[in-house]
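K.L.:
I'd like to ask you about the structure that follows.
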2 protein chains.
Amino acid sequence: MSLAVRQDESAAASPAAEASYDPATGEIRGSVAHTPAARVDALLEAAALAAPALASSSPAERSVWIEAASAAVLEHTDELVAIAEEETRLGLPRLTGELERAAAQARFYAGVALEGSYLDVCLDEAPAGSLARWNVPLGPVAVFGASNFPFGFGVFGHDVASALAAGCPVVVKAHPAHPRLSAAIAEVVGTALSAAGAPEGAHALVVGFDAGLQIVDDPRIAVVCFTGSQAGGMALVERAARRGVPVFAEMGTVNPVFVSPAAEGRRDEIAAGFVGSYTLGAGQFCTKPGLLLAPAGQGYAAAIRSVLDGVAPAPLLTEAIAARFSETAARLQATVGADVPVAEPPSGFTVAPALVTARISDLTEGSPLLEECFGPVAVVAEYESVDEALEALARLQPSLAASVFTSGDPERDDPGAASAVRSLIPRVGRVAVDAWPTGVIGTWAQQHGGPWPATSRPEATSVGAGALDRFLRPVTVQNARAGLIPAFVSRENPWSIPLRIDGRLHLPHPASALETETTP
Amino acid sequence: MSLAVRQDESAAASPAAEASYDPATGEIRGSVAHTPAARVDALLEAAALAAPALASSSPAERSVWIEAASAAVLEHTDELVAIAEEETRLGLPRLTGELERAAAQARFYAGVALEGSYLDVCLDEAPAGSLARWNVPLGPVAVFGASNFPFGFGVFGHDVASALAAGCPVVVKAHPAHPRLSAAIAEVVGTALSAAGAPEGAHALVVGFDAGLQIVDDPRIAVVCFTGSQAGGMALVERAARRGVPVFAEMGTVNPVFVSPAAEGRRDEIAAGFVGSYTLGAGQFCTKPGLLLAPAGQGYAAAIRSVLDGVAPAPLLTEAIAARFSETAARLQATVGADVPVAEPPSGFTVAPALVTARISDLTEGSPLLEECFGPVAVVAEYESVDEALEALARLQPSLAASVFTSGDPERDDPGAASAVRSLIPRVGRVAVDAWPTGVIGTWAQQHGGPWPATSRPEATSVGAGALDRFLRPVTVQNARAGLIPAFVSRENPWSIPLRIDGRLHLPHPASALETETTP
């Protein structure tokens with residue numbers, strides 16, 4: 001797991017604590033004690049004890065808990081954002097926006113549970129007796145959040161809120177890039193959940209590499225969520241596979257961009273947008289567009305380079321990320337035979353953004369040009385023909401997202417763009433048309449996932465209504481009688497949720513009980 | 001993989017062919033040539049080329065293909081059942097029924113696709129632009145069928161039909177227990193699919209252990225389905241995990257039965273049902289009830305033993321299964337200190353059914369008593385208190401299914417049965433109340449799966465409408481315009497399928513286009 005790298009480098013700090021660094025200076029500004037093994041065990045036991053209570057709670061009850069935690073996070077915005085800024089240097093506007101979105105997302109997930117489709121209740125009268133099928137929560141979830149989204153994929157981010165909404169207790173491993181923020185959010189959220197009546201053990205935080213391994217290996221953990229590097233994700237998948245635990249690992253990818261020849265009139269807008277997207281948050285987005293394929297002869301590489309000249313260096317989140325960035329950017333440049341500029345000794349973990357210009361023929365299978373580089377670097381390659389570009393896209397590993405830029409005129413035929421969308425759909429989780437892949441809004445129709453190596457579970461998403469599904473599995477009870485199964489699993493439909501009865505999907509009238517809309 | 005055992009034992013046959021054995025005599029009655037590596041490669045290439053055609057086909061088109069294949073199988077019932085009987089000795093009535101059910105199931109999966117919920121189409125107008133999300137097929141599926149269901153989990157069984165219905169090409173590995181039947185079904189199905197207009201490459205069969213490894217390791221295979229032993233399933237999961245391919249492995253489990261003290265008046269019926277269920281098909285069901293917990297003092301063990309005395313020996317499917325059965329049954333009996341009867345040298349792969357009587361205190365974690373034994377053997381343990389029985393159930397590994405027997409009187413309070421159902425729901429895929437776990441009817445509300453080690457994917461099922469979901473993943477297109485995404489992903493709803501629009505689920509009127517039932 002990649003955390004090992006991080007830990008070795010923090011030898012200056014106490015081995016019993018996670019040091020909190022300021023990325024702008026590289027200085028240690030505090031620390032958070034590692035959670036001792038016995039305490040981790042107690043937290044796991046509390047989560048296991050909370051699991052049946054959460055499983056039998058209603059979406060309405062859980063909604064109250066989640067609303068309370070969400071409100072508490074918002075109430076502490078200034079305090080939490082200040083700590084986040086000290087530990088990440090992502091900037092107050094971005095961090096404030098991210099906190100507010102995370103709070104809103106949590107309420108969204110509670111609303112998804114209330115709508116009730118996630119339960120997928122099916123009732124059949126079969127010859128061998130009745131069958132009732134519905135989704136049950138899997139049990140305690142271990143969450144390994146991301147370095148780059150301290151709120152969105154942190155202690156009360158997408159993974160945590162969707163797991164709670166689905167009825168699963170959560171044990172979060174604090175990310176070493178922001179231990180003080182993790183502890184502060186855990187305090188705010190834990191207090192709010194308890195005050196709102198959530199079971200003790202519904203939410204916990206553990207700190208330290210060893211604590212992380214302990215929760216992955218513990219039989220009381222039923223699912224693992226991870227957001228981070230491919231190396232870290234696959235190490236976790238392999239480890240958890242030994243005991244058959246499902247792991248949703250969302251890993252970094254290249255996220256290619258195809259620019260249609262028909263987009264010619266928008267070249268400067270696209271060049272500016274590309275640089276803005278790949279240097280956003282110092283390039284530390286898992287949806288960062290890492291490779292742009294543009295038509296030759298339209299001056300894209302030069303236009304992009306000229307925009308890039310105006311972008312200032314920025315600190316990366318950790319020393320390890322900064323070191324890997326410099327190394328990978330140098331390897332990328334060496335691959336295409338470009339000179340590697342000798343960097344000035346940076347302040348803290350600061351790096352300068354970079355651009356690598358490649359030939360389409362450089363984009364061969366196994367080339368470093370087709371691998372993710374976390375940080376503000378991207379590859380631009382100019383193609384002679386659309387077919388040549390599509391062939392290059394087909395050689396890429398699957399990605400979380402991709403973009404296709406068209407003429408921008410919906411009335412104008414753009415066969416290159418249409419072909420690119422068609423060829424990207426089987427290879428990515430999301431295709432953004434005339435939009436950049438960074439920025440993943442959490443709605444019903446969002447998909448943030450994709451085939452391996454984008455994620456370890458192609459059918460899953462970590463953003464959007466489908467995020468709850470990662471924490472559920474169906475169960476069928478045959479010949480169930482009232483009293484043997486939960487009361488909501490019933491043709492009476494007391495929760496007014498969508499029901500499938502004898503194969504036919506029924507929606508509740510808003511104000512009344514079950515009725516089918518297909519009745520004439 | 002367990003197939004290795006089987007292959008080593010068939011050394012008498014040509015190394016280039018899979019021998020076809022008669023389990024009643026142990027004699028070789030024919031063989032099927034192993035598929036050479038170059039031919040496997042050509043079949044994989046055909047599957048890869050067929051994948052986009054299947055992905056862009058409509059459920060209505062695929063329904064025509066599947067109906068044709070299903071009809072062709074039925075037309076060849078006599079011929080196929082005769083071969084199946086020679087290779088399995090499961091009996092003509094059972095095999096005929098299984099073939100007919102498999103043909104009907106295939107049509108059911110085509111109907112599930114036509115209903116359209118499986119596509120999960122969501123359309124949002126979000127601030128950052130529209131989002132359209134729907135499910136796309138994953139691509140070519142490798143299917144490793146089961147020894148014990150030559151039709152139901154064979155060359156045109158649940159896995160194959162649900163994958164085709166979902167829009168995925170299928171490459172089936174012939175099970176070594178029935179190579180001639182596999183080849184015969186593949187011929188019938190392949191001919192019918194082609195005649196009905198299915199793309200070449202939609203369905204293929206490969207034969208031989210090496211061919212099986214080749215398809216698991218090939219990058220053109222996007223999903224693997226396996227039905228069989230835990231050892232075989234986990235070997236496959238580990239192997240496929242190296243390249244991030246999802247594996248649905250459905251493995252054998254103990255499938256416990258709890259008999260409530262209130263069921264006392266039904267003892268003889270339950271004893272007879274238990275023996276009938278665990279010796280059905282010579283005990284070769286993955287849902288075989290392997291452990292029965294009955295109240296002490298009601299004479300269950302004696303009643304069961306007396307029924308068992310009337311059950312004749314029966315041939316198991318393969319020499320390897322028969323050898324493992326004898327070995328495991330002996331180990332079970334040694335665990336409880338009982339004498340192991342010295343068996344007469346059997347004819348073919350024939351074994352006598354067995355019963356092991358254990359104390360509740362013998363059911364400790366890691367005991368062989370808590371592991372599956374494929375074949376006609378089961379464990380009965382009598383409990384002193386319901387709590388003692390529930391504690392024993394909690395020590396069991398998760399199972400595919402479980403049964404709970406009650407007083408049978410829905411008016412009578414039965415707290416023991418209610419507690420048992422509650423405690424089994426988190427640990428199994430299906431709980432059958434007053435019914436045996438064998439017999440898995442394929443309807444909308446069926447669930448044939450469960451937490452590991454029952455399966456490698458707790459959210460999946462291999463029987464019932466949910467079986468299609470194993471072969472799908474969601475994709476989102478942002479700012480999609482007409483012409484860039486499939487025509488059915490549209491508010492116009494040309495296929496009249498359930499749609500979620502801006503978070504609200506809508507059902508089509510049967511005769512008209514989209515309309516919401518929630519309109520007053």
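Chain labels A, B, ... are given in the sequence in which chains occur in the structure tokens; within each chain residues are numbered consecutively from 1, and ligands are likewise numbered from 1 in the order shown.
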Using DSSP assignments from the backbone, pull out every residue in segment 112-308 of chain B that falls under alpha helix (DSSP H) and give it to me as a PyMOL selection string.
P.N.:
chain B and resi 112-115+158-166+179-195+209-217+230-241+267-279+300-308
K.L.:
Within 7 Å of chain A, which residues belong to chain B? Use only C-alpha atoms and report them as number ranges by chain.
P.N.:
B: 122-124, 131-133, 244, 418, 421, 425, 429-433, 444-447, 452-453, 456, 458-459, 472-480, 484, 503, 509-510, 517-518
K.L.:
As a list of chain:residue names, please: all residues of segment 212-331 of chain B that backbone DSSP puts in strand (DSSP E or B).
P.N.:
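Of segment 212-331 of chain B, the ones in strand (DSSP E or B) are B:Val223, B:Val224, B:Cys225, B:Phe226, B:Thr227, B:Gly228, B:Val247, B:Phe248, B:Ala249, B:Glu250, B:Met251, B:Pro256, B:Val257, B:Phe258, B:Val259, B:Leu291, B:Leu292, B:Leu293, B:Ala294, B:Pro295, B:Ala314, B:Pro315.
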K.L.:
If you keep N, CA, C and O atoms, can you produce a file of those selected residues as a tab-separated table (two decimals), in the first residue's frame?
P.N.:
chain	number	residue	atom	x	y	z
B	223	VAL	N	-15.69	-10.94	-18.26
B	223	VAL	CA	-16.30	-11.47	-17.04
B	223	VAL	C	-16.15	-12.98	-17.05
B	223	VAL	O	-16.16	-13.59	-18.12
B	224	VAL	N	-16.05	-13.55	-15.85
B	224	VAL	CA	-15.99	-15.01	-15.71
B	224	VAL	C	-17.10	-15.46	-14.77
B	224	VAL	O	-17.30	-14.86	-13.71
B	225	CYS	N	-17.83	-16.50	-15.19
B	225	CYS	CA	-18.83	-17.14	-14.32
B	225	CYS	C	-18.38	-18.56	-14.05
B	225	CYS	O	-18.01	-19.28	-14.98
B	226	PHE	N	-18.46	-18.94	-12.80
B	226	PHE	CA	-18.02	-20.28	-12.41
B	226	PHE	C	-19.04	-20.84	-11.42
B	226	PHE	O	-19.50	-20.13	-10.53
B	227	THR	N	-19.37	-22.12	-11.57
B	227	THR	CA	-20.20	-22.79	-10.57
B	227	THR	C	-19.47	-24.06	-10.19
B	227	THR	O	-19.17	-24.87	-11.07
B	228	GLY	N	-19.18	-24.21	-8.91
B	228	GLY	CA	-18.46	-25.41	-8.50
B	228	GLY	C	-17.92	-25.31	-7.09
B	228	GLY	O	-18.48	-24.62	-6.24
B	247	VAL	N	-15.21	-11.84	-11.40
B	247	VAL	CA	-15.54	-13.26	-11.42
B	247	VAL	C	-16.75	-13.48	-10.52
B	247	VAL	O	-16.73	-13.11	-9.35
B	248	PHE	N	-17.80	-14.05	-11.09
B	248	PHE	CA	-18.89	-14.51	-10.26
B	248	PHE	C	-18.70	-16.00	-10.06
B	248	PHE	O	-18.95	-16.79	-10.97
B	249	ALA	N	-18.23	-16.38	-8.88
B	249	ALA	CA	-18.06	-17.80	-8.55
B	249	ALA	C	-19.12	-18.19	-7.55
B	249	ALA	O	-19.23	-17.57	-6.49
B	250	GLU	N	-19.92	-19.15	-7.92
B	250	GLU	CA	-20.95	-19.65	-7.01
B	250	GLU	C	-20.47	-21.00	-6.52
B	250	GLU	O	-20.24	-21.90	-7.31
B	251	MET	N	-20.27	-21.07	-5.19
B	251	MET	CA	-19.55	-22.22	-4.65
B	251	MET	C	-20.46	-23.01	-3.70
B	251	MET	O	-21.50	-22.54	-3.28
B	256	PRO	N	-27.56	-24.69	6.17
B	256	PRO	CA	-28.11	-25.26	7.40
B	256	PRO	C	-29.64	-25.22	7.46
B	256	PRO	O	-30.27	-24.39	6.81
B	257	VAL	N	-30.18	-26.14	8.25
B	257	VAL	CA	-31.62	-26.21	8.48
B	257	VAL	C	-31.86	-26.09	9.98
B	257	VAL	O	-31.22	-26.79	10.77
B	258	PHE	N	-32.75	-25.18	10.37
B	258	PHE	CA	-33.14	-25.05	11.76
B	258	PHE	C	-34.58	-25.56	11.90
B	258	PHE	O	-35.47	-25.09	11.19
B	259	VAL	N	-34.77	-26.50	12.82
B	259	VAL	CA	-36.13	-26.99	13.09
B	259	VAL	C	-36.56	-26.44	14.45
B	259	VAL	O	-35.89	-26.68	15.47
B	291	LEU	N	-26.66	-29.70	7.04
B	291	LEU	CA	-26.65	-29.72	8.51
B	291	LEU	C	-28.05	-29.40	9.00
B	291	LEU	O	-28.63	-28.38	8.61
B	292	LEU	N	-28.58	-30.26	9.85
B	292	LEU	CA	-29.91	-30.03	10.42
B	292	LEU	C	-29.79	-29.90	11.93
B	292	LEU	O	-29.21	-30.76	12.59
B	293	LEU	N	-30.31	-28.80	12.45
B	293	LEU	CA	-30.34	-28.59	13.90
B	293	LEU	C	-31.77	-28.80	14.37
B	293	LEU	O	-32.68	-28.06	13.98
B	294	ALA	N	-31.95	-29.84	15.20
B	294	ALA	CA	-33.30	-30.20	15.66
B	294	ALA	C	-33.33	-30.21	17.17
B	294	ALA	O	-32.31	-30.46	17.82
B	295	PRO	N	-34.50	-29.95	17.75
B	295	PRO	CA	-34.60	-29.98	19.22
B	295	PRO	C	-34.35	-31.39	19.76
B	295	PRO	O	-34.83	-32.37	19.19
B	314	ALA	N	-26.40	-44.62	-5.11
B	314	ALA	CA	-26.57	-44.01	-6.44
B	314	ALA	C	-25.20	-43.57	-6.94
B	314	ALA	O	-24.31	-43.25	-6.14
B	315	PRO	N	-25.03	-43.57	-8.26
B	315	PRO	CA	-23.72	-43.15	-8.78
B	315	PRO	C	-23.53	-41.64	-8.69
B	315	PRO	O	-24.45	-40.87	-8.97
K.L.:
Could you list, as a list in words, every residue within 6 Å of segment 202-214 of chain B, counting only C-alpha atoms and ignoring same-chain residues fewer than 5 positions away?
P.N.:
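Selected residues are His34, Thr35, Ala47, Ala50, Pro169, Val170, Val171, Val172, Lys173 and Ala174 of chain B.
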K.L.:
If we count only C-alpha atoms, what is near segment 98-106 of chain B at a cut-off of 10 Å, once residues fewer than 6 positions away on the same chain are taken out, given as a ChimeraX atom specification?
P.N.:
/B:63,66-67,69-74,76-77,80-81,84,92,112,149-154,156-162,164-165,441-443,463-465
K.L.:
When you look at Phe274 of chain B with a cut-off of 10 Å (counting only C-alpha atoms), what residues show up, excluding the ones that are within fewer than 3 positions of it in the same chain? I need them as a PyMOL selection string.
P.N.:
chain B and resi 257+268-271+277-280+288-292+304+307-308+378+435-437
K.L.:
Save out the residues we just selected, C-alpha atoms, as a CSV table (one decimal), in the first residue's frame.
P.N.:
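Produced file part29.csv, reproduced below:
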chain,number,residue,atom,x,y,z
B,257,VAL,CA,-31.6,-26.2,8.5
B,268,ASP,CA,-41.7,-37.5,10.5
B,269,GLU,CA,-42.6,-35.2,7.6
B,270,ILE,CA,-39.5,-33.2,8.3
B,271,ALA,CA,-37.3,-36.3,8.6
B,277,SER,CA,-33.6,-33.2,-0.1
B,278,TYR,CA,-30.1,-34.2,0.8
B,279,THR,CA,-30.0,-37.4,-1.2
B,280,LEU,CA,-31.8,-35.7,-4.2
B,288,LYS,CA,-28.1,-29.5,-0.5
B,289,PRO,CA,-29.1,-29.1,3.2
B,290,GLY,CA,-25.9,-30.4,4.8
B,291,LEU,CA,-26.6,-29.7,8.5
B,292,LEU,CA,-29.9,-30.0,10.4
B,304,ILE,CA,-34.0,-39.5,9.9
B,307,VAL,CA,-35.9,-43.0,6.5
B,308,LEU,CA,-32.3,-43.2,5.2
B,378,ALA,CA,-25.6,-34.7,6.0
B,435,ALA,CA,-39.4,-25.7,2.6
B,436,TRP,CA,-36.1,-27.3,1.6
B,437,PRO,CA,-33.3,-25.3,0.1
K.L.:
If we count only C-alpha atoms and set the cut-off at 8 Å, which residues sit around Pro23 of chain B, ignoring sequence neighbours fewer than 2 positions away in its own chain? Please answer as a list in words.
P.N.:
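Surrounding residues, per the criterion: Tyr21, Thr25, Gly26, Glu27, Glu86, Glu87, Thr88, Arg89, Pro315, Leu316, Leu317, Thr318, Glu319, Gly348, Phe349 and Thr350 of chain B.
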K.L.:
Only C-alpha atoms, please: the residues just picked out, written as a compact mmCIF listing (two decimals), in the first residue's frame.
P.N.:
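Okay, out34.txt is ready:
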# COMPACT_ATOMS: atom_id res chain seq x y z
CA TYR B 21 -17.55 -41.65 -18.64
CA THR B 25 -20.02 -48.40 -14.64
CA GLY B 26 -17.01 -46.11 -14.70
CA GLU B 27 -16.46 -47.00 -18.36
CA GLU B 86 -25.23 -41.72 -20.24
CA GLU B 87 -22.84 -39.12 -18.81
CA THR B 88 -24.57 -38.32 -15.49
CA ARG B 89 -26.99 -41.14 -14.53
CA PRO B 315 -23.72 -43.15 -8.78
CA LEU B 316 -21.97 -39.81 -8.36
CA LEU B 317 -21.10 -37.78 -11.43
CA THR B 318 -17.36 -38.43 -11.62
CA GLU B 319 -14.70 -40.65 -10.14
CA GLY B 348 -18.83 -47.29 -11.27
CA PHE B 349 -18.93 -44.14 -9.14
CA THR B 350 -21.76 -45.41 -6.91
K.L.:
Using only C-alpha atoms, which of the listed residues (B:Pro219, B:Gly30, B:Gly299, B:Gly366) sits closest to Thr335 of chain B?
P.N.:
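Selected residue with least distance to Thr335 of chain B: B:Gly366.
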